[in-house]
>>> print(open('final35.cif').read())   # mmCIF, N, CA and C atoms
data_input
loop_
_atom_site.label_atom_id
_atom_site.label_comp_id
_atom_site.auth_asym_id
_atom_site.auth_seq_id
_atom_site.Cartn_x
_atom_site.Cartn_y
_atom_site.Cartn_z
N MET A 27 0.84 -1.18 0.00
CA MET A 27 0.00 0.00 0.00
C MET A 27 0.88 1.24 0.00
N ILE A 28 0.50 2.19 -0.79
CA ILE A 28 1.24 3.45 -0.87
C ILE A 28 0.39 4.56 -0.26
N GLU A 29 0.97 5.24 0.71
CA GLU A 29 0.30 6.38 1.32
C GLU A 29 1.09 7.63 0.98
N LEU A 30 0.38 8.64 0.52
CA LEU A 30 1.01 9.90 0.13
C LEU A 30 0.48 11.03 0.99
N PRO A 31 1.27 12.10 1.14
CA PRO A 31 0.78 13.27 1.85
C PRO A 31 -0.40 13.90 1.09
N LYS A 32 -1.08 14.80 1.74
CA LYS A 32 -2.20 15.50 1.11
C LYS A 32 -1.69 16.46 0.04
N VAL A 33 -2.59 16.88 -0.81
CA VAL A 33 -2.24 17.74 -1.94
C VAL A 33 -1.58 19.05 -1.47
N GLU A 34 -1.95 19.54 -0.31
CA GLU A 34 -1.38 20.78 0.21
C GLU A 34 0.14 20.66 0.44
N PHE A 35 0.58 19.46 0.80
CA PHE A 35 2.01 19.19 0.98
C PHE A 35 2.77 19.46 -0.31
N PHE A 36 2.22 18.94 -1.42
CA PHE A 36 2.87 19.12 -2.72
C PHE A 36 2.67 20.53 -3.26
N ALA A 37 1.52 21.14 -2.96
CA ALA A 37 1.27 22.52 -3.40
C ALA A 37 2.28 23.47 -2.77
N ALA A 38 2.81 23.10 -1.59
CA ALA A 38 3.85 23.90 -0.93
C ALA A 38 5.24 23.59 -1.48
N GLN A 39 5.29 22.77 -2.56
CA GLN A 39 6.53 22.44 -3.27
C GLN A 39 7.49 21.57 -2.46
N ASN A 40 6.95 20.70 -1.61
CA ASN A 40 7.76 19.77 -0.82
C ASN A 40 7.96 18.46 -1.58
N PRO A 41 9.19 17.96 -1.71
CA PRO A 41 9.41 16.64 -2.32
C PRO A 41 9.07 15.54 -1.33
N PHE A 42 8.84 14.34 -1.84
CA PHE A 42 8.47 13.20 -1.00
C PHE A 42 9.10 11.94 -1.56
N THR A 43 9.62 11.09 -0.69
CA THR A 43 10.15 9.79 -1.11
C THR A 43 9.44 8.67 -0.35
N GLY A 44 9.39 7.50 -0.97
CA GLY A 44 8.78 6.34 -0.33
C GLY A 44 9.31 5.07 -0.96
N SER A 45 8.88 3.93 -0.41
CA SER A 45 9.37 2.66 -0.94
C SER A 45 8.39 1.53 -0.63
N LEU A 46 8.51 0.50 -1.44
CA LEU A 46 7.86 -0.79 -1.22
C LEU A 46 8.98 -1.81 -1.37
N GLY A 47 9.61 -2.19 -0.27
CA GLY A 47 10.78 -3.05 -0.36
C GLY A 47 11.92 -2.31 -1.05
N ASP A 48 12.55 -2.95 -2.06
CA ASP A 48 13.63 -2.31 -2.82
C ASP A 48 13.11 -1.33 -3.87
N PHE A 49 11.84 -1.36 -4.18
CA PHE A 49 11.25 -0.43 -5.16
C PHE A 49 11.05 0.91 -4.46
N ARG A 50 11.65 1.94 -5.01
CA ARG A 50 11.61 3.26 -4.39
C ARG A 50 11.08 4.30 -5.36
N PHE A 51 10.54 5.37 -4.80
CA PHE A 51 10.03 6.45 -5.64
C PHE A 51 10.29 7.80 -5.01
N ARG A 52 10.37 8.79 -5.85
CA ARG A 52 10.57 10.18 -5.43
C ARG A 52 9.57 11.04 -6.19
N LEU A 53 8.87 11.90 -5.47
CA LEU A 53 7.89 12.81 -6.05
C LEU A 53 8.37 14.23 -5.83
N VAL A 54 8.53 14.99 -6.92
CA VAL A 54 9.08 16.33 -6.85
C VAL A 54 8.11 17.30 -7.50
N PRO A 55 7.46 18.15 -6.70
CA PRO A 55 6.57 19.14 -7.31
C PRO A 55 7.36 20.28 -7.96
N LYS A 56 6.89 20.67 -9.12
CA LYS A 56 7.47 21.81 -9.83
C LYS A 56 6.30 22.60 -10.39
N GLY A 57 5.96 23.71 -9.72
CA GLY A 57 4.80 24.48 -10.14
C GLY A 57 3.53 23.70 -9.92
N GLU A 58 2.76 23.52 -10.98
CA GLU A 58 1.47 22.83 -10.90
C GLU A 58 1.57 21.35 -11.25
N GLU A 59 2.81 20.83 -11.35
CA GLU A 59 3.01 19.42 -11.70
C GLU A 59 3.84 18.71 -10.64
N ILE A 60 3.63 17.41 -10.54
CA ILE A 60 4.47 16.56 -9.70
C ILE A 60 5.22 15.61 -10.62
N HIS A 61 6.53 15.65 -10.57
CA HIS A 61 7.37 14.76 -11.36
C HIS A 61 7.65 13.53 -10.50
N ALA A 62 7.30 12.37 -11.01
CA ALA A 62 7.45 11.11 -10.27
C ALA A 62 8.56 10.28 -10.91
N TYR A 63 9.43 9.74 -10.07
CA TYR A 63 10.55 8.93 -10.51
C TYR A 63 10.57 7.63 -9.72
N THR A 64 10.90 6.52 -10.38
CA THR A 64 11.09 5.25 -9.69
C THR A 64 12.55 4.84 -9.82
N TYR A 65 13.04 4.20 -8.78
CA TYR A 65 14.42 3.71 -8.75
C TYR A 65 14.48 2.56 -7.76
N ALA A 66 15.63 1.95 -7.61
CA ALA A 66 15.74 0.79 -6.71
C ALA A 66 17.07 0.80 -5.98
N VAL A 67 17.07 0.20 -4.84
CA VAL A 67 18.21 -0.16 -4.02
C VAL A 67 18.92 1.03 -3.38
N TYR A 68 19.46 1.94 -4.14
CA TYR A 68 20.28 3.01 -3.60
C TYR A 68 19.46 4.27 -3.35
N CYS A 69 20.10 5.28 -2.75
CA CYS A 69 19.44 6.58 -2.60
C CYS A 69 19.26 7.19 -3.99
N PHE A 70 18.33 8.10 -4.11
CA PHE A 70 17.98 8.70 -5.39
C PHE A 70 19.19 9.30 -6.09
N GLU A 71 20.04 9.97 -5.30
CA GLU A 71 21.20 10.65 -5.89
C GLU A 71 22.20 9.68 -6.52
N LYS A 72 22.22 8.43 -6.06
CA LYS A 72 23.17 7.44 -6.58
C LYS A 72 22.53 6.42 -7.51
N ALA A 73 21.20 6.41 -7.60
CA ALA A 73 20.49 5.39 -8.37
C ALA A 73 20.22 5.86 -9.80
N SER A 74 19.91 4.90 -10.64
CA SER A 74 19.45 5.17 -12.00
C SER A 74 17.93 5.16 -11.98
N VAL A 75 17.32 6.14 -12.63
CA VAL A 75 15.87 6.20 -12.72
C VAL A 75 15.39 5.08 -13.63
N MET A 76 14.39 4.32 -13.16
CA MET A 76 13.83 3.24 -13.97
C MET A 76 12.68 3.75 -14.83
N SER A 77 11.84 4.61 -14.27
CA SER A 77 10.73 5.18 -15.03
C SER A 77 10.36 6.53 -14.42
N GLU A 78 9.71 7.34 -15.21
CA GLU A 78 9.28 8.65 -14.72
C GLU A 78 7.99 9.07 -15.40
N ASN A 79 7.26 9.97 -14.74
CA ASN A 79 5.98 10.43 -15.25
C ASN A 79 5.67 11.77 -14.60
N THR A 80 4.70 12.48 -15.12
CA THR A 80 4.30 13.77 -14.58
C THR A 80 2.79 13.77 -14.35
N PHE A 81 2.39 14.37 -13.22
CA PHE A 81 0.99 14.40 -12.83
C PHE A 81 0.63 15.79 -12.33
N PRO A 82 -0.65 16.15 -12.37
CA PRO A 82 -1.07 17.45 -11.83
C PRO A 82 -1.05 17.45 -10.30
N VAL A 83 -0.81 18.62 -9.71
CA VAL A 83 -0.91 18.78 -8.26
C VAL A 83 -2.39 18.94 -7.94
N SER A 84 -3.04 17.81 -7.66
CA SER A 84 -4.47 17.80 -7.35
C SER A 84 -4.79 16.47 -6.68
N ARG A 85 -5.98 16.37 -6.11
CA ARG A 85 -6.39 15.09 -5.51
C ARG A 85 -6.42 13.99 -6.57
N GLU A 86 -6.93 14.34 -7.75
CA GLU A 86 -6.97 13.37 -8.85
C GLU A 86 -5.56 12.96 -9.25
N GLY A 87 -4.66 13.94 -9.29
CA GLY A 87 -3.27 13.65 -9.62
C GLY A 87 -2.64 12.69 -8.63
N LEU A 88 -2.94 12.84 -7.35
CA LEU A 88 -2.40 11.94 -6.33
C LEU A 88 -2.94 10.53 -6.50
N GLU A 89 -4.21 10.40 -6.87
CA GLU A 89 -4.78 9.07 -7.13
C GLU A 89 -4.11 8.44 -8.36
N GLN A 90 -3.84 9.26 -9.38
CA GLN A 90 -3.14 8.78 -10.57
C GLN A 90 -1.72 8.32 -10.22
N ILE A 91 -1.06 9.07 -9.35
CA ILE A 91 0.30 8.70 -8.93
C ILE A 91 0.27 7.35 -8.22
N LYS A 92 -0.65 7.17 -7.28
CA LYS A 92 -0.75 5.90 -6.56
C LYS A 92 -0.94 4.73 -7.52
N ALA A 93 -1.86 4.88 -8.46
CA ALA A 93 -2.13 3.80 -9.43
C ALA A 93 -0.89 3.53 -10.27
N TRP A 94 -0.23 4.58 -10.74
CA TRP A 94 0.97 4.43 -11.57
C TRP A 94 2.08 3.75 -10.78
N LEU A 95 2.31 4.18 -9.53
CA LEU A 95 3.37 3.58 -8.72
C LEU A 95 3.10 2.10 -8.46
N LEU A 96 1.87 1.75 -8.18
CA LEU A 96 1.54 0.34 -7.94
C LEU A 96 1.78 -0.49 -9.20
N GLU A 97 1.44 0.05 -10.36
CA GLU A 97 1.69 -0.67 -11.62
C GLU A 97 3.20 -0.79 -11.89
N GLU A 98 3.95 0.28 -11.64
CA GLU A 98 5.40 0.24 -11.84
C GLU A 98 6.05 -0.75 -10.87
N GLU A 99 5.55 -0.82 -9.64
CA GLU A 99 6.09 -1.77 -8.67
C GLU A 99 5.85 -3.20 -9.15
N LYS A 100 4.68 -3.48 -9.72
CA LYS A 100 4.39 -4.80 -10.27
C LYS A 100 5.35 -5.12 -11.41
N ARG A 101 5.58 -4.14 -12.28
CA ARG A 101 6.52 -4.34 -13.39
C ARG A 101 7.93 -4.63 -12.86
N TYR A 102 8.33 -3.93 -11.79
CA TYR A 102 9.65 -4.15 -11.18
C TYR A 102 9.76 -5.57 -10.64
N VAL A 103 8.74 -6.02 -9.91
CA VAL A 103 8.74 -7.37 -9.34
C VAL A 103 8.80 -8.43 -10.44
N ARG A 104 8.11 -8.18 -11.56
CA ARG A 104 8.13 -9.14 -12.68
C ARG A 104 9.41 -9.06 -13.49
N GLY A 105 10.27 -8.10 -13.21
CA GLY A 105 11.52 -7.95 -13.94
C GLY A 105 11.40 -7.20 -15.25
N GLU A 106 10.27 -6.51 -15.45
CA GLU A 106 10.05 -5.77 -16.70
C GLU A 106 10.77 -4.43 -16.71
N ILE A 107 11.05 -3.89 -15.54
CA ILE A 107 11.88 -2.68 -15.44
C ILE A 107 12.94 -2.96 -14.40
N ALA A 108 14.10 -2.38 -14.58
CA ALA A 108 15.21 -2.60 -13.65
C ALA A 108 16.13 -1.39 -13.68
N PRO A 109 16.87 -1.20 -12.62
CA PRO A 109 17.85 -0.11 -12.63
C PRO A 109 18.88 -0.34 -13.72
N LYS A 110 19.29 0.72 -14.34
CA LYS A 110 20.36 0.61 -15.33
C LYS A 110 21.66 0.37 -14.57
N THR A 111 22.47 -0.51 -15.09
CA THR A 111 23.76 -0.79 -14.44
C THR A 111 24.81 0.13 -15.02
N ALA A 112 25.74 0.51 -14.18
CA ALA A 112 26.83 1.37 -14.63
C ALA A 112 27.73 0.61 -15.58
N GLN A 113 28.15 1.28 -16.62
CA GLN A 113 29.08 0.68 -17.58
C GLN A 113 30.52 0.88 -17.11
N PRO A 114 31.36 -0.13 -17.22
CA PRO A 114 32.77 0.04 -16.79
C PRO A 114 33.45 1.11 -17.65
N GLU A 115 34.33 1.84 -17.03
CA GLU A 115 35.04 2.92 -17.76
C GLU A 115 36.23 2.39 -18.51
#
>>> encode(input="final35.cif", output="structure tokens")
Amino acid sequence: MIELPKVEFFAAQNPFTGSLGDFRFRLVPKGEEIHAYTYAVYCFEKASVMSENTFPVSREGLEQIKAWLLEEEKRYVRGEIAPKTAQPE
């Protein structure tokens, strides 16, 4: 289950992170949009983004984010999306 802060939290331009096991996500509001990113294992700054999407800052947008994150988590568990591995230099 994914629980998100209320729309007012994002309207105040606060970022939010969460996880379901190794599946992690970061939500970053920018103006009237929330940019959503999924990643795994490491902190956001060190991880590769697996998928991303943009949603409106609204109650409907938060419901869309929840549905999208749950679907992306299912894809991650099935191995359909994965973190990009670093290439040797």
>>> resolve_selection(input="final35.cif", expression="the PyMOL selection byres ((chain A and resi 76-78) around 5)", output="list of chain:residue names")
A:Ala62, A:Tyr63, A:Thr64, A:Tyr65, A:Ser74, A:Val75, A:Asn79, A:Thr80
>>> atom_distance(input="final35.cif", atom1="atom CA of A:Leu96", atom2="atom CA of A:His61")
15.9 Å
>>> closest_residue(input="final35.cif", among="A:Phe70, A:Gln90, A:Pro31, A:Arg104", to="A:Phe51", atoms="only N, CA and C atoms")
A:Phe70
>>> select_by_dssp(input="final35.cif", residues="chain A", states="alpha helix (DSSP H)", output="PyMOL selection string")
chain A and resi 33-37+85-103
>>> resolve_selection(input="final35.cif", expression="the PyMOL selection byres ((chain A and resi 28) around 8)", output="list in words")
Met27, Glu29, Leu30, Pro31, Ser45, Leu46, Lys92, Leu95 and Leu96 of chain A
>>> write_last_selection(input="final35.cif", atoms="N, CA and C atoms", output="mmCIF file, in the coordinates of the input")
data_model
loop_
_atom_site.group_PDB
_atom_site.id
_atom_site.type_symbol
_atom_site.label_atom_id
_atom_site.label_comp_id
_atom_site.auth_asym_id
_atom_site.auth_seq_id
_atom_site.Cartn_x
_atom_site.Cartn_y
_atom_site.Cartn_z
ATOM 1 N N MET A 27 0.840 -1.180 0.000
ATOM 2 C CA MET A 27 0.000 0.000 0.000
ATOM 3 C C MET A 27 0.880 1.240 0.000
ATOM 4 N N GLU A 29 0.970 5.240 0.710
ATOM 5 C CA GLU A 29 0.300 6.380 1.320
ATOM 6 C C GLU A 29 1.090 7.630 0.980
ATOM 7 N N LEU A 30 0.380 8.640 0.520
ATOM 8 C CA LEU A 30 1.010 9.900 0.130
ATOM 9 C C LEU A 30 0.480 11.030 0.990
ATOM 10 N N PRO A 31 1.270 12.100 1.140
ATOM 11 C CA PRO A 31 0.780 13.270 1.850
ATOM 12 C C PRO A 31 -0.400 13.900 1.090
ATOM 13 N N SER A 45 8.880 3.930 -0.410
ATOM 14 C CA SER A 45 9.370 2.660 -0.940
ATOM 15 C C SER A 45 8.390 1.530 -0.630
ATOM 16 N N LEU A 46 8.510 0.500 -1.440
ATOM 17 C CA LEU A 46 7.860 -0.790 -1.220
ATOM 18 C C LEU A 46 8.980 -1.810 -1.370
ATOM 19 N N LYS A 92 -0.650 7.170 -7.280
ATOM 20 C CA LYS A 92 -0.750 5.900 -6.560
ATOM 21 C C LYS A 92 -0.940 4.730 -7.520
ATOM 22 N N LEU A 95 2.310 4.180 -9.530
ATOM 23 C CA LEU A 95 3.370 3.580 -8.720
ATOM 24 C C LEU A 95 3.100 2.100 -8.460
ATOM 25 N N LEU A 96 1.870 1.750 -8.180
ATOM 26 C CA LEU A 96 1.540 0.340 -7.940
ATOM 27 C C LEU A 96 1.780 -0.490 -9.200
#
>>> select_by_dssp(input="final35.cif", residues="chain A", states="strand (DSSP E or B)", output="ChimeraX atom specification")
/A:42-46,49-56,59-66,77-82
>>> resolve_selection(input="final35.cif", expression="the PyMOL selection byres (((chain A and resi 56 and name CA) around 10) and name CA)", output="PyMOL selection string")
chain A and resi 36-41+53-55+57-61+80+82-83
>>> closest_residue(input="final35.cif", among="A:Trp94, A:Phe49, A:Phe42, A:Phe35", to="A:Ala66", atoms="all atoms listed in the file")
A:Phe49
>>> atom_distance(input="final35.cif", atom1="atom CA of A:Leu88", atom2="atom CA of A:Val33")
7.3 Å
>>> atom_distance(input="final35.cif", atom1="atom CA of A:Cys69", atom2="atom CA of A:Val103")
18.8 Å
